[in-house]
file run.cif (mmCIF, C-alpha atoms and all ligand atoms)
data_start
loop_
_atom_site.label_atom_id
_atom_site.label_comp_id
_atom_site.auth_asym_id
_atom_site.auth_seq_id
_atom_site.Cartn_x
_atom_site.Cartn_y
_atom_site.Cartn_z
CA MET A 13 -3.61 8.67 -25.69
CA SER A 14 -1.40 7.38 -28.45
CA GLY A 15 1.14 5.30 -26.58
CA GLY A 16 1.89 1.67 -27.08
CA TYR A 17 4.68 -0.79 -27.68
CA VAL A 18 5.52 -3.50 -30.18
CA TYR A 19 5.85 -7.23 -29.57
CA GLY A 20 9.07 -8.08 -27.79
CA ASP A 21 9.39 -4.68 -26.14
CA LYS A 22 8.82 -4.13 -22.48
CA GLU A 23 5.58 -2.58 -21.24
CA PRO A 24 6.24 1.15 -20.60
CA VAL A 25 6.16 2.16 -16.96
CA GLU A 26 6.17 5.72 -15.62
CA GLU A 27 7.28 7.08 -12.28
CA CYS A 28 4.49 8.63 -10.23
CA GLY A 29 4.99 12.36 -9.70
CA CYS A 30 3.29 12.18 -6.28
CA CYS A 31 4.92 9.27 -4.48
CA GLY A 32 7.56 7.90 -6.86
CA GLY A 33 5.63 4.64 -7.20
CA GLU A 34 5.20 2.69 -10.39
CA ALA A 35 2.50 3.95 -12.76
CA ARG A 36 1.03 1.65 -15.40
CA ALA A 37 -1.48 1.97 -18.22
CA GLU A 38 -3.74 -0.63 -19.81
CA TYR A 39 -3.01 -1.96 -23.28
CA CYS A 40 -4.78 -4.08 -25.85
CA ASP A 41 -3.26 -6.37 -28.44
CA VAL A 42 -3.57 -4.83 -31.93
CA GLY A 43 -1.80 -7.48 -33.99
CA ILE A 44 1.63 -5.84 -34.27
CA GLY A 45 1.95 -4.85 -30.65
CA TYR A 46 -0.05 -3.20 -27.93
CA ALA A 47 -2.00 0.07 -28.01
CA GLN A 48 -2.47 2.09 -24.86
CA VAL A 49 -6.16 2.17 -23.91
CA SER A 50 -6.08 3.94 -20.54
CA GLU A 51 -4.06 6.67 -18.94
CA PHE A 52 -1.20 5.93 -16.59
CA ARG A 53 -2.18 5.42 -12.97
CA CYS A 54 0.09 4.92 -9.98
CA ILE A 55 -0.41 1.46 -8.47
CA GLU A 56 0.74 2.80 -5.09
CA CYS A 57 -1.29 5.98 -4.53
CA GLY A 58 -3.72 6.02 -7.47
CA ALA A 59 -2.43 9.33 -8.87
CA THR A 60 -2.90 10.09 -12.57
CA PRO A 61 -1.01 12.55 -14.77
CA GLU A 62 -2.71 15.53 -16.40
CA TRP A 63 -1.24 17.58 -19.19
CA LYS A 64 -0.98 21.21 -18.03
CA ASP A 65 1.01 24.01 -19.68
CA GLY A 66 3.10 21.60 -21.69
CA LYS A 67 4.06 19.28 -18.85
CA SER A 68 2.39 16.46 -16.99
CA VAL A 69 1.17 17.22 -13.49
CA TRP A 70 0.37 14.29 -11.21
CA THR A 71 -2.58 14.59 -8.90
CA GLU A 72 -3.67 12.15 -6.22
CA PRO A 73 -7.35 11.25 -5.93
CA GLU A 74 -9.17 12.75 -2.95
CA ARG A 75 -8.87 10.74 0.25
CA PRO A 76 -12.10 9.24 1.63
CA SER A 77 -11.76 11.38 4.79
CA GLU A 78 -11.51 14.49 2.57
CA ARG A 79 -14.79 13.41 0.97
CA GLY A 80 -16.33 13.10 4.44
CA GLU A 81 -16.60 9.32 4.28
CA ARG A 82 -16.16 7.05 7.26
CA VAL A 83 -12.67 5.57 7.30
CA THR A 84 -12.79 1.89 8.27
CA GLY A 85 -9.10 1.16 8.02
CA TYR A 86 -5.70 1.85 6.54
CA LEU A 87 -3.06 0.17 4.50
CA ILE A 88 0.52 1.30 5.06
CA THR A 89 2.74 0.14 2.24
CA ALA A 90 6.39 -0.74 2.78
CA SER A 91 7.32 2.57 1.16
CA GLY A 92 5.29 4.39 3.82
CA ASN A 93 2.27 5.40 1.72
CA VAL A 94 -0.93 5.46 3.73
CA HIS A 95 -4.19 4.46 2.05
CA GLU A 96 -7.53 4.99 3.74
CA THR A 97 -10.18 2.31 3.29
CA THR A 98 -13.97 2.57 3.52
CA PHE A 99 -16.91 0.14 3.38
CA GLU A 100 -17.05 0.39 -0.41
CA GLN A 101 -13.35 0.81 -1.10
CA ASP A 102 -11.98 -1.74 1.32
CA HIS A 103 -8.62 -3.50 1.47
CA GLN A 104 -9.63 -6.03 -1.20
CA TRP A 105 -10.59 -3.19 -3.54
CA LEU A 106 -7.21 -1.60 -2.85
CA PHE A 107 -5.25 -4.81 -3.46
CA ASP A 108 -7.16 -5.39 -6.72
CA ARG A 109 -6.34 -1.85 -7.87
CA MET A 110 -2.67 -2.32 -6.95
CA GLY A 111 -2.61 -5.68 -8.74
CA THR A 112 -1.51 -7.50 -5.61
CA THR A 113 -2.88 -9.63 -2.79
CA GLN A 114 -3.11 -9.12 0.95
CA SER A 115 -0.67 -11.89 1.83
CA ARG A 116 1.85 -10.64 -0.74
CA GLU A 117 1.65 -7.03 0.49
CA ILE A 118 2.02 -7.94 4.16
CA ALA A 119 4.84 -10.38 3.36
CA ASN A 120 6.56 -7.42 1.65
CA GLY A 121 6.33 -5.15 4.69
CA ALA A 122 2.85 -3.58 4.50
CA VAL A 123 0.65 -3.07 7.58
CA ARG A 124 -3.11 -3.68 7.45
CA ILE A 125 -5.30 -1.78 9.90
CA THR A 126 -9.06 -2.30 10.17
CA ASN A 127 -11.81 -0.98 12.39
CA LEU A 128 -14.86 -2.95 11.30
CA GLU A 129 -15.79 -5.52 13.94
CA GLY A 130 -13.01 -4.16 16.11
CA PHE A 131 -9.67 -2.45 15.87
CA ALA A 132 -7.18 -4.90 14.35
CA ILE A 133 -3.63 -4.59 13.05
CA ASP A 134 -1.78 -7.13 10.91
CA LEU A 135 1.97 -6.74 11.26
CA PRO A 136 4.40 -7.79 8.53
CA PRO A 137 7.55 -9.90 9.10
CA PHE A 138 9.74 -6.75 8.83
CA MET A 139 9.14 -3.03 8.61
CA THR A 140 10.82 -0.10 6.91
CA GLN A 141 11.45 3.12 8.84
CA ARG A 142 8.84 4.92 6.75
CA ALA A 143 6.20 2.29 7.49
CA ARG A 144 7.05 2.43 11.23
CA ARG A 145 6.65 6.20 11.26
CA ALA A 146 3.33 6.01 9.41
CA LEU A 147 2.00 3.39 11.85
CA ALA A 148 3.05 5.45 14.88
CA ARG A 149 1.27 8.48 13.39
CA ILE A 150 -1.97 6.56 12.74
CA VAL A 151 -1.99 4.95 16.17
CA LYS A 152 -1.39 8.35 17.78
CA ASP A 153 -4.13 10.00 15.68
CA ALA A 154 -6.57 7.22 16.58
CA GLU A 155 -5.89 8.16 20.25
CA TRP A 156 -7.20 4.75 21.15
CA LYS A 157 -10.73 5.90 20.46
CA TRP A 158 -11.02 2.56 18.73
CA GLY A 159 -9.93 0.72 21.90
CA SER A 160 -6.94 -1.61 22.13
CA PRO A 161 -5.98 -3.19 18.82
CA TYR A 162 -6.04 -6.92 18.25
CA VAL A 163 -2.58 -7.42 16.81
CA MET A 164 -1.65 -10.31 14.53
CA ARG A 165 2.06 -10.86 14.19
CA TRP A 166 3.31 -12.33 10.93
CA GLY A 167 3.20 -16.13 11.01
CA ALA A 168 1.39 -16.31 14.37
CA GLY A 169 -1.66 -18.56 14.61
CA ARG A 170 -3.60 -16.02 16.66
CA GLY A 171 -3.38 -12.42 17.69
CA GLU A 172 -3.46 -10.61 21.02
CA PHE A 173 -4.85 -7.38 22.36
CA MET A 174 -2.06 -4.88 22.96
CA THR A 175 -1.72 -1.55 24.68
CA ARG A 176 -0.07 1.26 22.78
CA ALA A 177 3.21 0.59 24.63
CA GLU A 178 3.08 -3.15 23.91
CA LEU A 179 2.45 -2.44 20.25
CA ALA A 180 5.43 -0.06 20.13
CA VAL A 181 7.64 -2.79 21.62
CA ALA A 182 6.34 -5.41 19.17
CA VAL A 183 7.00 -3.08 16.24
CA SER A 184 10.48 -2.14 17.48
CA LYS A 185 11.41 -5.84 17.59
CA LEU A 186 10.65 -6.33 13.90
CA PRO A 187 13.74 -6.32 11.70
CA GLU A 188 14.32 -3.40 9.34
CA ALA A 189 14.58 -5.52 6.21
CA PRO A 190 14.47 -9.20 5.28
CA ALA A 191 17.68 -11.12 6.01
CA PRO A 192 19.63 -11.57 2.80
CA ALA A 193 19.35 -15.05 1.37
CA GLY A 194 22.65 -16.87 1.26
CA PRO A 195 24.42 -19.98 2.55
CA GLU A 196 25.65 -18.15 5.66
CA PHE A 197 22.06 -17.54 6.69
CA ALA A 198 20.87 -21.07 5.99
CA PRO A 199 19.79 -23.00 9.09
ZN ZN A 201 1.94 7.45 -6.57
#

call {"tool": "encode", "arguments": {"input": "run.cif", "output": "structure tokens"}}
result
Amino acid sequence: MSGGYVYGDKEPVEECGCCGGEARAEYCDVGIGYAQVSEFRCIECGATPEWKDGKSVWTEPERPSERGERVTGYLITASGNVHETTFEQDHQWLFDRMGTTQSREIANGAVRITNLEGFAIDLPPFMTQRARRALARIVKDAEWKWGSPYVMRWGAGRGEFMTRAELAVAVSKLPEAPAPAGPEFAP
């Protein structure tokens, strides 16, 4: 690791070879700039690059289900990446690793799914096609073995239990993307 950047320059960012997400490294201030002190790691999927045969190969960390751990939930990002969560590596752990917060992620189109004290889904204010497809896949895979989900819509004070069909309708009513800001959209 010999990377770094000088004062005034922008922090280098790499594109993840697995999901196309943003990969960042850690740096420390060395008086004339910043020296890289960790390898790059994708903030979306956690992949890291490895130098093999003269080129960098990105590999994703093993999923908890591949390690035989109990999956207690999922996070679907707006770009459609699906993260599994466990007791130890829960949503908060994931948000910390991604350098974000739950409210910010959901406001940006992510879906939070948990099965701890019950099956619960937090819906965002809008959803991308990729996130919709990922949610449909997870709900189908779960085969309702977790029961009916308690669904919280964005901005609602309380949630409601929904059947699979009701959930599909609720999701289909969400807009594809946030309405562009502009005077013509002002109330
Ligand atoms: Zn990635």

call {"tool": "residues_near_ligand", "arguments": {"input": "run.cif", "ligand": "ligand ZN 201 (chain A)", "cutoff": "6 Å", "atoms": "only C-alpha atoms and all ligand atoms", "output": "list in words"}}
result
Cys28, Cys30, Cys31, Gly32, Gly33, Cys54, Glu56, Cys57, Gly58 and Ala59 of chain A

call {"tool": "write_last_selection", "arguments": {"input": "run.cif", "atoms": "C-alpha atoms", "output": "mmCIF file, in the frame of the given file"}}
result
data_model
loop_
_atom_site.group_PDB
_atom_site.id
_atom_site.type_symbol
_atom_site.label_atom_id
_atom_site.label_comp_id
_atom_site.auth_asym_id
_atom_site.auth_seq_id
_atom_site.Cartn_x
_atom_site.Cartn_y
_atom_site.Cartn_z
ATOM 1 C CA CYS A 28 4.490 8.630 -10.230
ATOM 2 C CA CYS A 30 3.290 12.180 -6.280
ATOM 3 C CA CYS A 31 4.920 9.270 -4.480
ATOM 4 C CA GLY A 32 7.560 7.900 -6.860
ATOM 5 C CA GLY A 33 5.630 4.640 -7.200
ATOM 6 C CA CYS A 54 0.090 4.920 -9.980
ATOM 7 C CA GLU A 56 0.740 2.800 -5.090
ATOM 8 C CA CYS A 57 -1.290 5.980 -4.530
ATOM 9 C CA GLY A 58 -3.720 6.020 -7.470
ATOM 10 C CA ALA A 59 -2.430 9.330 -8.870
#

call {"tool": "residues_near_point", "arguments": {"input": "run.cif", "point": "(3.1, -9.3, 5.3)", "cutoff": "9 Å", "atoms": "only C-alpha atoms", "output": "PyMOL selection string"}}
result
chain A and resi 114-124+134-138+166-167

call {"tool": "residues_around", "arguments": {"input": "run.cif", "residues": "Phe52 (chain A)", "least_positions_apart": "4", "cutoff": "9 Å", "atoms": "only C-alpha atoms", "output": "PyMOL selection string"}}
result
chain A and resi 25-26+28+35-38+59-61

call {"tool": "axis_aligned_box", "arguments": {"input": "run.cif", "around": "region 96-110 of chain A", "padding_each_side": "5 Å", "output": "JSON"}}
result
{"center_x": -9.9, "center_y": -0.5, "center_z": -2.1, "size_x": 24.4, "size_y": 21.0, "size_z": 21.6}

call {"tool": "closest_residue", "arguments": {"input": "run.cif", "among": "A:Asn127, A:Ser77, A:Gln141, A:Thr89", "to": "Phe107 (chain A)", "atoms": "all atoms listed in the file"}}
result
A:Thr89

call {"tool": "residues_around", "arguments": {"input": "run.cif", "residues": "Thr140 (chain A)", "least_positions_apart": "3", "cutoff": "9 Å", "atoms": "all atoms listed in the file", "output": "VMD selection string"}}
result
chain A and resid 90 to 92 121 143 to 145 187 to 189

call {"tool": "closest_residue", "arguments": {"input": "run.cif", "among": "A:Pro24, A:Gly43, A:Gly29, A:Gly169", "to": "Trp70 (chain A)", "atoms": "all atoms listed in the file"}}
result
A:Gly29

call {"tool": "atom_distance", "arguments": {"input": "run.cif", "atom1": "CA of Val163 (chain A)", "atom2": "CA of Arg82 (chain A)"}}
result
22.0 Å

call {"tool": "residues_around", "arguments": {"input": "run.cif", "residues": "Val49 (chain A)", "least_positions_apart": "2", "cutoff": "7 Å", "atoms": "only C-alpha atoms", "output": "list in words"}}
result
Glu38, Tyr39, Cys40 and Ala47 of chain A

call {"tool": "closest_residue", "arguments": {"input": "run.cif", "among": "A:Asn93, A:Thr84, A:Thr113, A:Ser184", "to": "Trp158 (chain A)", "atoms": "all atoms listed in the file"}}
result
A:Thr84

call {"tool": "closest_residue", "arguments": {"input": "run.cif", "among": "A:Asp65, A:Glu172, A:Glu100, A:Glu23", "to": "Glu81 (chain A)", "atoms": "only C-alpha atoms"}}
result
A:Glu100

call {"tool": "closest_residue", "arguments": {"input": "run.cif", "among": "A:Arg176, A:Arg79, A:His103, A:His95", "to": "Pro161 (chain A)", "atoms": "only C-alpha atoms"}}
result
A:Arg176

call {"tool": "decode", "arguments": {"input": "run.cif", "residues": "region 150-176 of chain A", "atoms": "N, CA and C atoms", "output": "mmCIF file, in the first residue's frame"}}
result
data_model
loop_
_atom_site.group_PDB
_atom_site.id
_atom_site.type_symbol
_atom_site.label_atom_id
_atom_site.label_comp_id
_atom_site.auth_asym_id
_atom_site.auth_seq_id
_atom_site.Cartn_x
_atom_site.Cartn_y
_atom_site.Cartn_z
ATOM 1 N N ILE A 150 -36.716 -11.743 -2.515
ATOM 2 C CA ILE A 150 -36.562 -12.100 -1.097
ATOM 3 C C ILE A 150 -37.885 -12.561 -0.512
ATOM 4 N N VAL A 151 -38.947 -11.815 -0.834
ATOM 5 C CA VAL A 151 -40.263 -12.163 -0.292
ATOM 6 C C VAL A 151 -40.703 -13.530 -0.812
ATOM 7 N N LYS A 152 -40.379 -13.826 -2.066
ATOM 8 C CA LYS A 152 -40.736 -15.112 -2.650
ATOM 9 C C LYS A 152 -39.918 -16.229 -1.991
ATOM 10 N N ASP A 153 -38.605 -15.975 -1.817
ATOM 11 C CA ASP A 153 -37.740 -16.974 -1.182
ATOM 12 C C ASP A 153 -38.177 -17.262 0.253
ATOM 13 N N ALA A 154 -38.618 -16.206 0.952
ATOM 14 C CA ALA A 154 -39.035 -16.388 2.341
ATOM 15 C C ALA A 154 -40.277 -17.275 2.395
ATOM 16 N N GLU A 155 -41.050 -17.319 1.294
ATOM 17 C CA GLU A 155 -42.249 -18.168 1.186
ATOM 18 C C GLU A 155 -43.171 -18.007 2.391
ATOM 19 N N TRP A 156 -43.118 -16.840 2.952
ATOM 20 C CA TRP A 156 -43.963 -16.522 4.100
ATOM 21 C C TRP A 156 -43.741 -17.456 5.272
ATOM 22 N N LYS A 157 -42.572 -18.102 5.301
ATOM 23 C CA LYS A 157 -42.286 -18.931 6.477
ATOM 24 C C LYS A 157 -42.119 -18.047 7.708
ATOM 25 N N TRP A 158 -41.873 -16.765 7.448
ATOM 26 C CA TRP A 158 -41.740 -15.823 8.556
ATOM 27 C C TRP A 158 -43.095 -15.225 8.940
ATOM 28 N N GLY A 159 -44.168 -15.633 8.278
ATOM 29 C CA GLY A 159 -45.479 -15.049 8.549
ATOM 30 C C GLY A 159 -45.691 -13.803 7.711
ATOM 31 N N SER A 160 -46.745 -13.054 8.011
ATOM 32 C CA SER A 160 -47.021 -11.827 7.272
ATOM 33 C C SER A 160 -46.129 -10.717 7.800
ATOM 34 N N PRO A 161 -45.539 -9.925 6.893
ATOM 35 C CA PRO A 161 -44.660 -8.857 7.382
ATOM 36 C C PRO A 161 -45.449 -7.675 7.941
ATOM 37 N N TYR A 162 -44.838 -7.046 8.924
ATOM 38 C CA TYR A 162 -45.357 -5.779 9.446
ATOM 39 C C TYR A 162 -44.662 -4.703 8.622
ATOM 40 N N VAL A 163 -45.424 -4.006 7.804
ATOM 41 C CA VAL A 163 -44.832 -3.097 6.822
ATOM 42 C C VAL A 163 -44.981 -1.647 7.267
ATOM 43 N N MET A 164 -43.849 -0.956 7.334
ATOM 44 C CA MET A 164 -43.851 0.476 7.641
ATOM 45 C C MET A 164 -43.634 1.225 6.338
ATOM 46 N N ARG A 165 -44.607 2.047 5.979
ATOM 47 C CA ARG A 165 -44.411 2.901 4.807
ATOM 48 C C ARG A 165 -43.650 4.136 5.256
ATOM 49 N N TRP A 166 -42.907 4.711 4.334
ATOM 50 C CA TRP A 166 -42.118 5.912 4.616
ATOM 51 C C TRP A 166 -43.040 7.035 5.106
ATOM 52 N N GLY A 167 -42.688 7.620 6.240
ATOM 53 C CA GLY A 167 -43.427 8.769 6.744
ATOM 54 C C GLY A 167 -44.685 8.422 7.512
ATOM 55 N N ALA A 168 -45.049 7.119 7.562
ATOM 56 C CA ALA A 168 -46.259 6.725 8.292
ATOM 57 C C ALA A 168 -45.924 6.585 9.769
ATOM 58 N N GLY A 169 -46.880 6.920 10.630
ATOM 59 C CA GLY A 169 -46.659 6.844 12.069
ATOM 60 C C GLY A 169 -46.602 5.410 12.565
ATOM 61 N N ARG A 170 -47.345 4.522 11.893
ATOM 62 C CA ARG A 170 -47.353 3.120 12.300
ATOM 63 C C ARG A 170 -47.489 2.230 11.084
ATOM 64 N N GLY A 171 -47.120 0.980 11.278
ATOM 65 C CA GLY A 171 -47.158 0.048 10.159
ATOM 66 C C GLY A 171 -48.429 -0.784 10.150
ATOM 67 N N GLU A 172 -48.482 -1.750 9.240
ATOM 68 C CA GLU A 172 -49.626 -2.662 9.189
ATOM 69 C C GLU A 172 -49.165 -4.013 8.656
ATOM 70 N N PHE A 173 -49.843 -5.049 9.106
ATOM 71 C CA PHE A 173 -49.536 -6.384 8.598
ATOM 72 C C PHE A 173 -50.113 -6.502 7.197
ATOM 73 N N MET A 174 -49.336 -7.043 6.276
ATOM 74 C CA MET A 174 -49.783 -7.139 4.890
ATOM 75 C C MET A 174 -49.612 -8.557 4.369
ATOM 76 N N THR A 175 -50.510 -8.952 3.510
ATOM 77 C CA THR A 175 -50.333 -10.206 2.784
ATOM 78 C C THR A 175 -49.337 -9.935 1.661
ATOM 79 N N ARG A 176 -48.897 -10.991 1.030
ATOM 80 C CA ARG A 176 -47.949 -10.840 -0.076
ATOM 81 C C ARG A 176 -48.540 -9.973 -1.192
#
